[in-house]
Amino acid sequence: MSFVPKTQPFSGKINAVTLGTGDKAIVIGGQNVLPFYTFDAPIENAPKIGVEISDAADTWTAPAIVDFYAGCTTMAERAKKAETMEGADFLCLHFESADPNGANRSVEDCVADAKAVADAVSMPIVIMGCKNIEKDGELFSKIAEALQGKNILALSARAEDYKTVGASVALAYGQKVGAETADDINLAKQLNIMLKGLSIAPENIVMNIGTAAVGYGYEYVASTLDRVRAAALAQSDADLQMPIMAPVSPDTWGVKESIASEEDEPTWGCAEVRAIDMEVSTAAADLVGGADAVILRHPAAVATIKQFINELV
């Protein structure tokens, strides 16, 4: 008698969220099975990869990144080039220079960059801010208004500003909104409930539950991902069935393994290879934990993770 394995698709299902418009639009989420458990049920939408385009990209020194964007001087030019990156599915505009405690770029300048990118590319667009609550609230609102009809995702609404960001981004301008919390299932659920309380439809919400470079408290990330996915699928918890997007690159490119020079750490090997390894390892861990999309920076990391996804789905 032949062996017939018992499959375990769940009654709960992750919401399917569409980003972008036209032929390049993508759908994240939609599965009713654990990450890459294709032996239990088909994966409806394979995980997607975004490419980080920062307004501080002039400070990036990794040789392969510098070579890839050679000749590009604006965010729009870099975004246009990033569209050609092997494995890229969407673009993430990171306005880290808007931070009032840093370069303090004006909201108007950031909006102008976002509009220029939207005019130059056809891939879906995700917006990351500078982590300053007040500045991000204004930035997300103005960009959501300027890019009406583009079906963008603004990362992120937090407990401190969810009313401002949620109301302007999702309700006023019809964009998607990210719910950002820090590695805690209860906080993630509470923020989703609060956003839904503003009458934002669940299919317009994406979770950013937090990530970290592997080796830097990543066990908290892993356990949160596991618990969120188990609650969404096994318990059919509608307040945790939003797809998850993990912004990997800002965390992994800021740790010592990625930034320490070869002169300072001669036994660690090539600095660029170390940074790629940190990015790939973290992205792979996020994806097998339940992330539906990751944001990366290095062309080699993007290509490697795309191959990883393709071989598992």
# chains A, B, ... in the order shown; residues from 1 in each chain; ligands from 1
call {"tool": "residues_around", "arguments": {"residues": "Tyr216 of chain A", "least_positions_apart": "5", "cutoff": "10 Å", "atoms": "only C-alpha atoms", "output": "number ranges by chain"}}
result
A: 211, 221, 251-252, 255
call {"tool": "write_last_selection", "arguments": {"atoms": "N, CA, C and O atoms", "output": "PDB file, in the first residue's frame"}}
result
ATOM      1  N   THR A 211      11.743  43.683  12.103  1.00  0.00           N
ATOM      2  CA  THR A 211      12.762  42.682  11.785  1.00  0.00           C
ATOM      3  C   THR A 211      14.058  43.123  12.439  1.00  0.00           C
ATOM      4  O   THR A 211      14.116  44.155  13.116  1.00  0.00           O
ATOM      5  N   VAL A 221      12.151  38.242  16.555  1.00  0.00           N
ATOM      6  CA  VAL A 221      11.505  38.317  15.243  1.00  0.00           C
ATOM      7  C   VAL A 221      10.939  36.962  14.859  1.00  0.00           C
ATOM      8  O   VAL A 221       9.774  36.851  14.442  1.00  0.00           O
ATOM      9  N   ASP A 251      18.188  47.451   8.394  1.00  0.00           N
ATOM     10  CA  ASP A 251      18.752  46.794   9.573  1.00  0.00           C
ATOM     11  C   ASP A 251      20.088  46.121   9.261  1.00  0.00           C
ATOM     12  O   ASP A 251      21.057  46.261  10.010  1.00  0.00           O
ATOM     13  N   THR A 252      20.136  45.375   8.166  1.00  0.00           N
ATOM     14  CA  THR A 252      21.325  44.552   7.913  1.00  0.00           C
ATOM     15  C   THR A 252      22.528  45.364   7.463  1.00  0.00           C
ATOM     16  O   THR A 252      23.671  44.958   7.688  1.00  0.00           O
ATOM     17  N   VAL A 255      24.688  47.058  10.729  1.00  0.00           N
ATOM     18  CA  VAL A 255      25.362  46.321  11.804  1.00  0.00           C
ATOM     19  C   VAL A 255      26.869  46.240  11.535  1.00  0.00           C
ATOM     20  O   VAL A 255      27.339  46.449  10.420  1.00  0.00           O
TER      21      VAL A 255
END
call {"tool": "residues_around", "arguments": {"residues": "Glu83 of chain A", "least_positions_apart": "6", "cutoff": "9 Å", "atoms": "only C-alpha atoms", "output": "ChimeraX atom specification"}}
result
/A:51,89-91,121-123
call {"tool": "write_last_selection", "arguments": {"atoms": "N, CA, C and O atoms", "output": "PDB file, in the first residue's frame"}}
result
ATOM      1  N   VAL A  51      13.250  46.696  -3.892  1.00  0.00           N
ATOM      2  CA  VAL A  51      14.603  47.258  -3.916  1.00  0.00           C
ATOM      3  C   VAL A  51      14.573  48.626  -3.242  1.00  0.00           C
ATOM      4  O   VAL A  51      13.786  49.498  -3.625  1.00  0.00           O
ATOM      5  N   ASP A  89      10.667  43.083  -7.758  1.00  0.00           N
ATOM      6  CA  ASP A  89       9.221  43.099  -7.990  1.00  0.00           C
ATOM      7  C   ASP A  89       8.600  44.459  -7.723  1.00  0.00           C
ATOM      8  O   ASP A  89       7.567  44.792  -8.295  1.00  0.00           O
ATOM      9  N   PHE A  90       9.209  45.243  -6.807  1.00  0.00           N
ATOM     10  CA  PHE A  90       8.689  46.579  -6.509  1.00  0.00           C
ATOM     11  C   PHE A  90       9.829  47.448  -6.014  1.00  0.00           C
ATOM     12  O   PHE A  90      10.952  46.964  -5.789  1.00  0.00           O
ATOM     13  N   LEU A  91       9.566  48.737  -5.870  1.00  0.00           N
ATOM     14  CA  LEU A  91      10.583  49.692  -5.449  1.00  0.00           C
ATOM     15  C   LEU A  91      10.180  50.323  -4.126  1.00  0.00           C
ATOM     16  O   LEU A  91       9.011  50.635  -3.912  1.00  0.00           O
ATOM     17  N   VAL A 121       8.848  55.218 -13.582  1.00  0.00           N
ATOM     18  CA  VAL A 121       8.823  53.761 -13.455  1.00  0.00           C
ATOM     19  C   VAL A 121       7.404  53.231 -13.554  1.00  0.00           C
ATOM     20  O   VAL A 121       6.430  53.977 -13.457  1.00  0.00           O
ATOM     21  N   SER A 122       7.312  51.923 -13.747  1.00  0.00           N
ATOM     22  CA  SER A 122       6.002  51.273 -13.798  1.00  0.00           C
ATOM     23  C   SER A 122       5.814  50.246 -12.692  1.00  0.00           C
ATOM     24  O   SER A 122       4.724  49.719 -12.509  1.00  0.00           O
ATOM     25  N   MET A 123       6.872  49.942 -11.942  1.00  0.00           N
ATOM     26  CA  MET A 123       6.766  49.004 -10.826  1.00  0.00           C
ATOM     27  C   MET A 123       5.998  49.633  -9.655  1.00  0.00           C
ATOM     28  O   MET A 123       5.977  50.862  -9.510  1.00  0.00           O
TER      29      MET A 123
END
call {"tool": "residues_around", "arguments": {"residues": "Asn132 of chain A", "least_positions_apart": "5", "cutoff": "9 Å", "atoms": "only C-alpha atoms", "output": "VMD selection string"}}
result
chain A and resid 98 to 101 137
call {"tool": "write_last_selection", "arguments": {"atoms": "N, CA and C atoms", "output": "CSV table (one decimal), in the first residue's frame"}}
result
chain,number,residue,atom,x,y,z
A,98,ALA,N,14.9,62.9,5.4
A,98,ALA,CA,13.9,63.9,5.9
A,98,ALA,C,14.0,64.1,7.5
A,99,ASP,N,14.8,63.2,8.1
A,99,ASP,CA,14.9,63.3,9.6
A,99,ASP,C,15.3,64.7,10.1
A,100,PRO,N,14.4,65.3,10.9
A,100,PRO,CA,14.8,66.6,11.5
A,100,PRO,C,16.1,66.6,12.3
A,101,ASN,N,16.5,65.4,12.8
A,101,ASN,CA,17.7,65.3,13.5
A,101,ASN,C,18.9,65.0,12.6
A,137,GLY,N,4.3,61.6,9.4
A,137,GLY,CA,2.9,61.8,9.2
A,137,GLY,C,2.6,62.8,8.1
call {"tool": "residues_around", "arguments": {"residues": "Ala300 of chain A", "least_positions_apart": "2", "cutoff": "10 Å", "atoms": "only C-alpha atoms", "output": "PyMOL selection string"}}
result
chain A and resi 64-65+85-87+273+276-277+279-280+296-298+302-306
call {"tool": "write_last_selection", "arguments": {"atoms": "C-alpha atoms", "output": "short mmCIF file (atom, residue, chain, number, x, y, z; two decimals), in the first residue's frame"}}
result
data_model
loop_
_atom_site.label_atom_id
_atom_site.label_comp_id
_atom_site.auth_asym_id
_atom_site.auth_seq_id
_atom_site.Cartn_x
_atom_site.Cartn_y
_atom_site.Cartn_z
CA ALA A 64 28.76 46.48 -6.73
CA ILE A 65 26.03 48.92 -5.68
CA MET A 85 17.60 44.51 -11.32
CA GLU A 86 17.24 40.75 -11.61
CA GLY A 87 14.58 39.55 -9.16
CA VAL A 273 30.44 39.97 0.94
CA ILE A 276 25.43 40.56 1.33
CA ASP A 277 25.54 37.53 3.62
CA GLU A 279 21.09 40.66 3.99
CA VAL A 280 20.51 37.23 2.42
CA LEU A 296 16.67 44.53 -0.02
CA ARG A 297 19.47 46.73 -1.33
CA HIS A 298 22.30 44.79 -3.00
CA VAL A 302 18.08 40.40 -4.61
CA ALA A 303 19.11 37.80 -7.20
CA THR A 304 19.97 35.22 -4.51
CA ILE A 305 16.68 35.62 -2.65
CA LYS A 306 14.72 35.46 -5.91
#
call {"tool": "closest_residue", "arguments": {"among": "A:Gly254, A:Asp109, A:Ile193, A:Ser199", "to": "Asp237 of chain A", "atoms": "only C-alpha atoms"}}
result
A:Ile193
call {"tool": "residues_around", "arguments": {"residues": "Cys110 of chain A", "least_positions_apart": "3", "cutoff": "8 Å", "atoms": "only C-alpha atoms", "output": "ChimeraX atom specification"}}
result
/A:95,98,105-107,113-114,139
call {"tool": "residues_around", "arguments": {"residues": "Asp226 of chain A", "least_positions_apart": "3", "cutoff": "12 Å", "atoms": "only C-alpha atoms", "output": "PyMOL selection string"}}
result
chain A and resi 34-35+183-185+209+219-223+229-234+240+244+285-291
call {"tool": "select_by_dssp", "arguments": {"residues": "segment 135-247 of chain A", "states": "alpha helix (DSSP H)", "output": "number ranges by chain"}}
result
A: 135-146, 162-165, 185-197, 218-233
call {"tool": "select_by_dssp", "arguments": {"residues": "segment 74-272 of chain A", "states": "strand (DSSP E or B)", "output": "PyMOL selection string"}}
result
chain A and resi 90-94+125-128+153-157+176-180+205-208+244-247
call {"tool": "residues_around", "arguments": {"residues": "Pro42 of chain A", "least_positions_apart": "2", "cutoff": "9 Å", "atoms": "only C-alpha atoms", "output": "mmCIF file with all heavy atoms, in the first residue's frame"}}
result
data_model
loop_
_atom_site.group_PDB
_atom_site.id
_atom_site.type_symbol
_atom_site.label_atom_id
_atom_site.label_comp_id
_atom_site.auth_asym_id
_atom_site.auth_seq_id
_atom_site.Cartn_x
_atom_site.Cartn_y
_atom_site.Cartn_z
ATOM 1 N N GLN A 31 -2.256 33.188 0.748
ATOM 2 C CA GLN A 31 -2.066 31.761 0.985
ATOM 3 C C GLN A 31 -2.834 31.281 2.216
ATOM 4 O O GLN A 31 -3.124 32.049 3.125
ATOM 5 C CB GLN A 31 -0.585 31.417 1.129
ATOM 6 C CG GLN A 31 0.084 31.990 2.347
ATOM 7 C CD GLN A 31 0.600 33.388 2.144
ATOM 8 O OE1 GLN A 31 0.241 34.080 1.204
ATOM 9 N NE2 GLN A 31 1.475 33.821 3.031
ATOM 10 N N ASN A 32 -3.127 29.992 2.254
ATOM 11 C CA ASN A 32 -3.737 29.375 3.437
ATOM 12 C C ASN A 32 -2.891 28.195 3.907
ATOM 13 O O ASN A 32 -3.395 27.166 4.329
ATOM 14 C CB ASN A 32 -5.171 28.914 3.140
ATOM 15 C CG ASN A 32 -5.212 27.722 2.203
ATOM 16 O OD1 ASN A 32 -4.341 27.578 1.346
ATOM 17 N ND2 ASN A 32 -6.212 26.871 2.350
ATOM 18 N N VAL A 33 -1.580 28.390 3.837
ATOM 19 C CA VAL A 33 -0.638 27.329 4.170
ATOM 20 C C VAL A 33 0.602 27.987 4.779
ATOM 21 O O VAL A 33 0.877 29.173 4.536
ATOM 22 C CB VAL A 33 -0.283 26.522 2.903
ATOM 23 C CG1 VAL A 33 0.489 27.381 1.912
ATOM 24 C CG2 VAL A 33 0.480 25.258 3.234
ATOM 25 N N PHE A 36 6.071 28.271 2.352
ATOM 26 C CA PHE A 36 6.734 27.313 1.457
ATOM 27 C C PHE A 36 6.289 25.865 1.664
ATOM 28 O O PHE A 36 6.946 24.952 1.166
ATOM 29 C CB PHE A 36 8.260 27.422 1.565
ATOM 30 C CG PHE A 36 8.789 28.785 1.250
ATOM 31 C CD1 PHE A 36 9.403 29.556 2.219
ATOM 32 C CD2 PHE A 36 8.660 29.323 -0.030
ATOM 33 C CE1 PHE A 36 9.895 30.824 1.926
ATOM 34 C CE2 PHE A 36 9.138 30.588 -0.328
ATOM 35 C CZ PHE A 36 9.753 31.340 0.650
ATOM 36 N N TYR A 37 5.184 25.633 2.360
ATOM 37 C CA TYR A 37 4.657 24.278 2.537
ATOM 38 C C TYR A 37 3.832 23.887 1.313
ATOM 39 O O TYR A 37 2.642 23.593 1.392
ATOM 40 C CB TYR A 37 3.800 24.196 3.808
ATOM 41 C CG TYR A 37 4.567 23.946 5.088
ATOM 42 C CD1 TYR A 37 5.787 24.589 5.323
ATOM 43 C CD2 TYR A 37 4.079 23.092 6.064
ATOM 44 C CE1 TYR A 37 6.494 24.376 6.495
ATOM 45 C CE2 TYR A 37 4.773 22.873 7.248
ATOM 46 C CZ TYR A 37 5.974 23.516 7.463
ATOM 47 O OH TYR A 37 6.666 23.300 8.625
ATOM 48 N N THR A 38 4.487 23.859 0.191
ATOM 49 C CA THR A 38 3.774 23.557 -1.054
ATOM 50 C C THR A 38 3.279 22.120 -1.099
ATOM 51 O O THR A 38 2.420 21.785 -1.928
ATOM 52 C CB THR A 38 4.690 23.816 -2.261
ATOM 53 O OG1 THR A 38 5.928 23.116 -2.088
ATOM 54 C CG2 THR A 38 4.995 25.306 -2.397
ATOM 55 N N PHE A 39 3.804 21.261 -0.238
ATOM 56 C CA PHE A 39 3.336 19.874 -0.174
ATOM 57 C C PHE A 39 1.977 19.784 0.524
ATOM 58 O O PHE A 39 1.300 18.764 0.449
ATOM 59 C CB PHE A 39 4.346 18.986 0.556
ATOM 60 C CG PHE A 39 4.919 19.608 1.798
ATOM 61 C CD1 PHE A 39 4.232 19.575 3.001
ATOM 62 C CD2 PHE A 39 6.155 20.236 1.747
ATOM 63 C CE1 PHE A 39 4.761 20.155 4.134
ATOM 64 C CE2 PHE A 39 6.688 20.816 2.892
ATOM 65 C CZ PHE A 39 6.004 20.783 4.097
ATOM 66 N N ASP A 40 1.569 20.871 1.202
ATOM 67 C CA ASP A 40 0.249 20.912 1.839
ATOM 68 C C ASP A 40 -0.794 21.581 0.952
ATOM 69 O O ASP A 40 -1.951 21.168 0.902
ATOM 70 C CB ASP A 40 0.318 21.653 3.172
ATOM 71 C CG ASP A 40 0.831 20.774 4.303
ATOM 72 O OD1 ASP A 40 0.826 19.541 4.137
ATOM 73 O OD2 ASP A 40 1.232 21.319 5.350
ATOM 74 N N GLU A 44 -0.407 30.623 -3.301
ATOM 75 C CA GLU A 44 -1.170 31.408 -4.276
ATOM 76 C C GLU A 44 -0.334 32.523 -4.891
ATOM 77 O O GLU A 44 -0.371 32.754 -6.097
ATOM 78 C CB GLU A 44 -2.418 31.993 -3.605
ATOM 79 C CG GLU A 44 -3.338 32.732 -4.575
ATOM 80 C CD GLU A 44 -4.690 33.032 -3.956
ATOM 81 O OE1 GLU A 44 -5.172 32.255 -3.114
ATOM 82 O OE2 GLU A 44 -5.270 34.063 -4.331
ATOM 83 N N ASN A 45 0.413 33.244 -4.040
ATOM 84 C CA ASN A 45 1.266 34.327 -4.532
ATOM 85 C C ASN A 45 2.644 34.189 -3.892
ATOM 86 O O ASN A 45 2.775 34.298 -2.672
ATOM 87 C CB ASN A 45 0.670 35.694 -4.180
ATOM 88 C CG ASN A 45 -0.692 35.911 -4.815
ATOM 89 O OD1 ASN A 45 -0.832 35.941 -6.033
ATOM 90 N ND2 ASN A 45 -1.718 36.039 -3.980
ATOM 91 N N VAL A 313 8.999 27.506 -4.229
ATOM 92 C CA VAL A 313 7.579 27.547 -4.594
ATOM 93 C C VAL A 313 7.319 26.794 -5.895
ATOM 94 O O VAL A 313 6.185 26.558 -6.237
ATOM 95 C CB VAL A 313 7.068 29.006 -4.724
ATOM 96 C CG1 VAL A 313 7.202 29.719 -3.409
ATOM 97 C CG2 VAL A 313 7.781 29.762 -5.829
#
call {"tool": "atom_distance", "arguments": {"atom1": "atom CA of Ala120 of chain A", "atom2": "atom CA of Phe68 of chain A"}}
result
17.8 Å
call {"tool": "atom_distance", "arguments": {"atom1": "atom CA of Cys92 of chain A", "atom2": "atom CA of Ala116 of chain A"}}
result
13.8 Å
call {"tool": "closest_residue", "arguments": {"among": "A:Ile49, A:Ala275, A:Val214, A:Leu171", "to": "Ala144 of chain A", "atoms": "only C-alpha atoms"}}
result
A:Leu171
call {"tool": "atom_distance", "arguments": {"atom1": "atom CA of Asn192 of chain A", "atom2": "atom CA of Val206 of chain A"}}
result
9.1 Å
call {"tool": "closest_residue", "arguments": {"among": "A:Leu195, A:Ala271, A:Ala301, A:Val111", "to": "Lys176 of chain A", "atoms": "only C-alpha atoms"}}
result
A:Leu195
